[in-house]
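Content type PDB, C-alpha atoms, pLDDT in the B column, from the file structure.pdb:
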```pdb
MODEL        1
ATOM      1  CA  MET S  14       7.013  10.469   8.820  1.00 41.00           C
ATOM      2  CA  PRO S  15       6.983  14.016   7.483  1.00 44.00           C
ATOM      3  CA  HIS S  16       4.402  15.561   5.239  1.00 46.00           C
ATOM      4  CA  ARG S  17       5.253  14.974   1.564  1.00 47.00           C
ATOM      5  CA  GLU S  18       4.899  17.916  -0.758  1.00 45.00           C
ATOM      6  CA  ALA S  19       5.245  15.723  -3.831  1.00 42.00           C
ATOM      7  CA  ALA S  20       2.252  13.564  -2.978  1.00 46.00           C
ATOM      8  CA  HIS S  21       1.164  11.006  -5.533  1.00 61.00           C
ATOM      9  CA  GLY S  22       4.204  11.789  -7.581  1.00 79.00           C
ATOM     10  CA  ARG S  23       7.928  11.658  -7.036  1.00 79.00           C
ATOM     11  CA  ASP S  24       9.640  13.199  -4.049  1.00 81.00           C
ATOM     12  CA  ALA S  25      13.121  14.744  -4.050  1.00 78.00           C
ATOM     13  CA  ALA S  26      14.712  11.305  -3.542  1.00 83.00           C
ATOM     14  CA  GLY S  27      12.856   9.884  -6.549  1.00 84.00           C
ATOM     15  CA  ALA S  28      10.382   7.739  -4.588  1.00 87.00           C
ATOM     16  CA  ILE S  29       6.892   7.466  -6.095  1.00 94.00           C
ATOM     17  CA  TRP S  30       3.981   8.048  -3.675  1.00 95.00           C
ATOM     18  CA  PHE S  31       0.379   6.875  -4.043  1.00 96.00           C
ATOM     19  CA  THR S  32      -2.895   7.652  -2.311  1.00 96.00           C
ATOM     20  CA  ILE S  33      -4.951   4.578  -1.449  1.00 96.00           C
ATOM     21  CA  ALA S  34      -7.062   5.009  -4.589  1.00 96.00           C
ATOM     22  CA  GLU S  35      -3.946   5.389  -6.737  1.00 96.00           C
ATOM     23  CA  ALA S  36      -2.359   2.337  -5.073  1.00 96.00           C
ATOM     24  CA  ALA S  37      -5.474   0.334  -5.924  1.00 96.00           C
ATOM     25  CA  ALA S  38      -5.287   1.399  -9.567  1.00 95.00           C
ATOM     26  CA  PHE S  39      -1.520   0.760  -9.690  1.00 93.00           C
ATOM     27  CA  THR S  40      -1.885  -2.796  -8.356  1.00 94.00           C
ATOM     28  CA  HIS S  41      -5.121  -3.519 -10.281  1.00 95.00           C
ATOM     29  CA  ARG S  42      -6.853  -4.187  -6.954  1.00 95.00           C
ATOM     30  CA  SER S  43      -9.897  -2.586  -5.342  1.00 97.00           C
ATOM     31  CA  VAL S  44      -9.680   0.199  -2.785  1.00 98.00           C
ATOM     32  CA  GLN S  45     -11.182  -2.243  -0.280  1.00 98.00           C
ATOM     33  CA  THR S  46      -8.201  -4.561  -0.844  1.00 97.00           C
ATOM     34  CA  ILE S  47      -5.738  -1.790   0.024  1.00 97.00           C
ATOM     35  CA  TYR S  48      -7.721  -1.029   3.199  1.00 97.00           C
ATOM     36  CA  SER S  49      -7.649  -4.769   3.950  1.00 96.00           C
ATOM     37  CA  TRP S  50      -3.853  -4.734   3.630  1.00 96.00           C
ATOM     38  CA  GLU S  51      -3.789  -1.951   6.227  1.00 96.00           C
ATOM     39  CA  ARG S  52      -6.102  -3.862   8.582  1.00 96.00           C
ATOM     40  CA  ARG S  53      -4.075  -7.047   8.263  1.00 94.00           C
ATOM     41  CA  GLY S  54      -0.781  -5.261   8.830  1.00 94.00           C
ATOM     42  CA  HIS S  55       0.630  -5.668   5.315  1.00 94.00           C
ATOM     43  CA  LEU S  56       0.697  -1.856   5.083  1.00 96.00           C
ATOM     44  CA  ASP S  57       1.820  -0.020   8.210  1.00 94.00           C
ATOM     45  CA  ARG S  58      -0.443   2.995   8.723  1.00 94.00           C
ATOM     46  CA  THR S  59       2.099   4.527  11.100  1.00 94.00           C
ATOM     47  CA  ALA S  60       4.683   4.502   8.287  1.00 93.00           C
ATOM     48  CA  ALA S  61       2.368   6.300   5.852  1.00 95.00           C
ATOM     49  CA  ALA S  62       3.042   9.898   4.968  1.00 94.00           C
ATOM     50  CA  THR S  63       0.259  12.392   4.294  1.00 94.00           C
ATOM     51  CA  ASP S  64      -0.402  14.561   1.291  1.00 92.00           C
ATOM     52  CA  GLU S  65      -1.435  18.202   1.272  1.00 92.00           C
ATOM     53  CA  ASN S  66      -5.064  17.135   1.850  1.00 93.00           C
ATOM     54  CA  GLY S  67      -4.249  14.947   4.863  1.00 94.00           C
ATOM     55  CA  ARG S  68      -4.735  11.665   2.984  1.00 95.00           C
ATOM     56  CA  ARG S  69      -2.439   8.744   3.731  1.00 95.00           C
ATOM     57  CA  ILE S  70       0.090   8.091   0.997  1.00 96.00           C
ATOM     58  CA  TYR S  71       2.417   5.134   0.583  1.00 96.00           C
ATOM     59  CA  SER S  72       5.604   4.773  -1.422  1.00 96.00           C
ATOM     60  CA  GLN S  73       5.779   2.408  -4.361  1.00 95.00           C
ATOM     61  CA  ALA S  74       8.171   0.247  -2.302  1.00 95.00           C
ATOM     62  CA  GLN S  75       5.642   0.035   0.581  1.00 96.00           C
ATOM     63  CA  ILE S  76       2.856  -0.967  -1.814  1.00 97.00           C
ATOM     64  CA  ALA S  77       5.021  -3.607  -3.514  1.00 95.00           C
ATOM     65  CA  ALA S  78       6.082  -5.073  -0.154  1.00 96.00           C
ATOM     66  CA  ALA S  79       2.465  -5.205   1.036  1.00 96.00           C
ATOM     67  CA  GLU S  80       1.422  -6.962  -2.164  1.00 95.00           C
ATOM     68  CA  ARG S  81       4.216  -9.546  -1.690  1.00 94.00           C
ATOM     69  CA  ARG S  82       3.198 -10.137   1.950  1.00 92.00           C
ATOM     70  CA  ALA S  83      -0.463 -10.529   0.983  1.00 91.00           C
ATOM     71  CA  ARG S  84       0.431 -12.946  -1.821  1.00 88.00           C
ATOM     72  CA  HIS S  85       2.718 -14.952   0.483  1.00 86.00           C
ATOM     73  CA  ASN S  86      -0.029 -15.105   3.115  1.00 74.00           C
ATOM     74  CA  ALA S  87      -2.566 -16.320   0.530  1.00 67.00           C
ATOM     75  CA  VAL S  88      -0.229 -19.101  -0.639  1.00 64.00           C
ATOM     76  CA  ALA S  89       0.414 -20.197   2.960  1.00 60.00           C
ATOM     77  CA  THR S  90      -3.326 -20.248   3.653  1.00 62.00           C
ATOM     78  CA  ARG S  91      -3.954 -22.442   0.605  1.00 60.00           C
ATOM     79  CA  ARG S  92      -1.243 -24.866   1.732  1.00 60.00           C
ATOM     80  CA  VAL S  93      -2.876 -25.222   5.152  1.00 58.00           C
ATOM     81  CA  ALA S  94      -6.302 -25.737   3.570  1.00 60.00           C
ATOM     82  CA  VAL S  95      -4.993 -28.503   1.304  1.00 57.00           C
ATOM     83  CA  ALA S  96      -3.103 -30.352   4.051  1.00 58.00           C
TER
ENDMDL
END
```
Show how you would write the structure in this file as C-alpha cells.
Amino acid sequence: MPHREAAHGRDAAGAIWFTIAEAAAFTHRSVQTIYSWERRGHLDRTAAATDENGRRIYSQAQIAAAERRARHNAVATRRVAVA
C-alpha cells in the first residue's frame, strides 16, 4: 500500500486514517489492544499504510472491521466456555 500524505486525517478519497494510538483513542481501547488485534490477525499489518514518520496507519474501515472481528471472536469464545 502506498505512503499516505494525509496521515491521521482524510485522504483524497475521503477515507479517515489513524495511527495505532489514534485508533486506540477512537475505539476507547488501549494501545495494547490494538497491537493485540494485529497479533491475532484482526488487523492486517501488510495492509497498513505508513505516515510521513514511518508509523503504521489504518483506515477507519480497517479499524471498524477489526473491532467487529474481535467482538465476534470474544462472543464465540464465551459460547464455547459456557457449553
With distances taken over all atoms listed in the file, the candidate from S:Thr40, S:Asn66, S:Thr32, S:Gln75 nearest S:Gly54 is S:Gln75
Measure the distance from atom CA of S:Val44 to atom CA of S:Asp24 in Å and round it to one decimal.
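Result for atom CA of S:Val44 versus atom CA of S:Asp24: 23.3 Å, one decimal.
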Near-S:Ala83 list (10 Å; all atoms listed in the file; drop same-chain fewer than 2 positions) as a compact mmCIF listing (two decimals) with C-alpha atoms, keeping the file's coordinate frame:
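Result file is around-v7.txt:
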```
# COMPACT_ATOMS: atom_id res chain seq x y z
CA THR S 46 -8.20 -4.56 -0.84
CA SER S 49 -7.65 -4.77 3.95
CA TRP S 50 -3.85 -4.73 3.63
CA ARG S 53 -4.08 -7.05 8.26
CA GLY S 54 -0.78 -5.26 8.83
CA HIS S 55 0.63 -5.67 5.32
CA LEU S 56 0.70 -1.86 5.08
CA ALA S 77 5.02 -3.61 -3.51
CA ALA S 78 6.08 -5.07 -0.15
CA ALA S 79 2.46 -5.20 1.04
CA GLU S 80 1.42 -6.96 -2.16
CA ARG S 81 4.22 -9.55 -1.69
CA HIS S 85 2.72 -14.95 0.48
CA ASN S 86 -0.03 -15.10 3.12
CA ALA S 87 -2.57 -16.32 0.53
CA VAL S 88 -0.23 -19.10 -0.64
CA ALA S 89 0.41 -20.20 2.96
```
Could you put an axis-aligned box around every listed atom of stretch 76-82 of chain S, padded by 8 Å on each side, and send me its centre and edge lengths in Å to one decimal, as lines of an AutoDock Vina configuration file?
```
center_x = 3.8
center_y = -5.6
center_z = -0.8
size_x = 20.7
size_y = 25.2
size_z = 21.5
```
From S:Arg82, S:Glu65, S:Asp57, S:Ser72, residue lying nearest S:Arg23 [only C-alpha atoms]
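That would be S:Ser72, the residue with the smallest distance to S:Arg23.
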To one decimal in Å, tell me the separation between atom CA of S:Arg84 and atom CA of S:Ile29.
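Distance between the two atoms: 21.8 Å.
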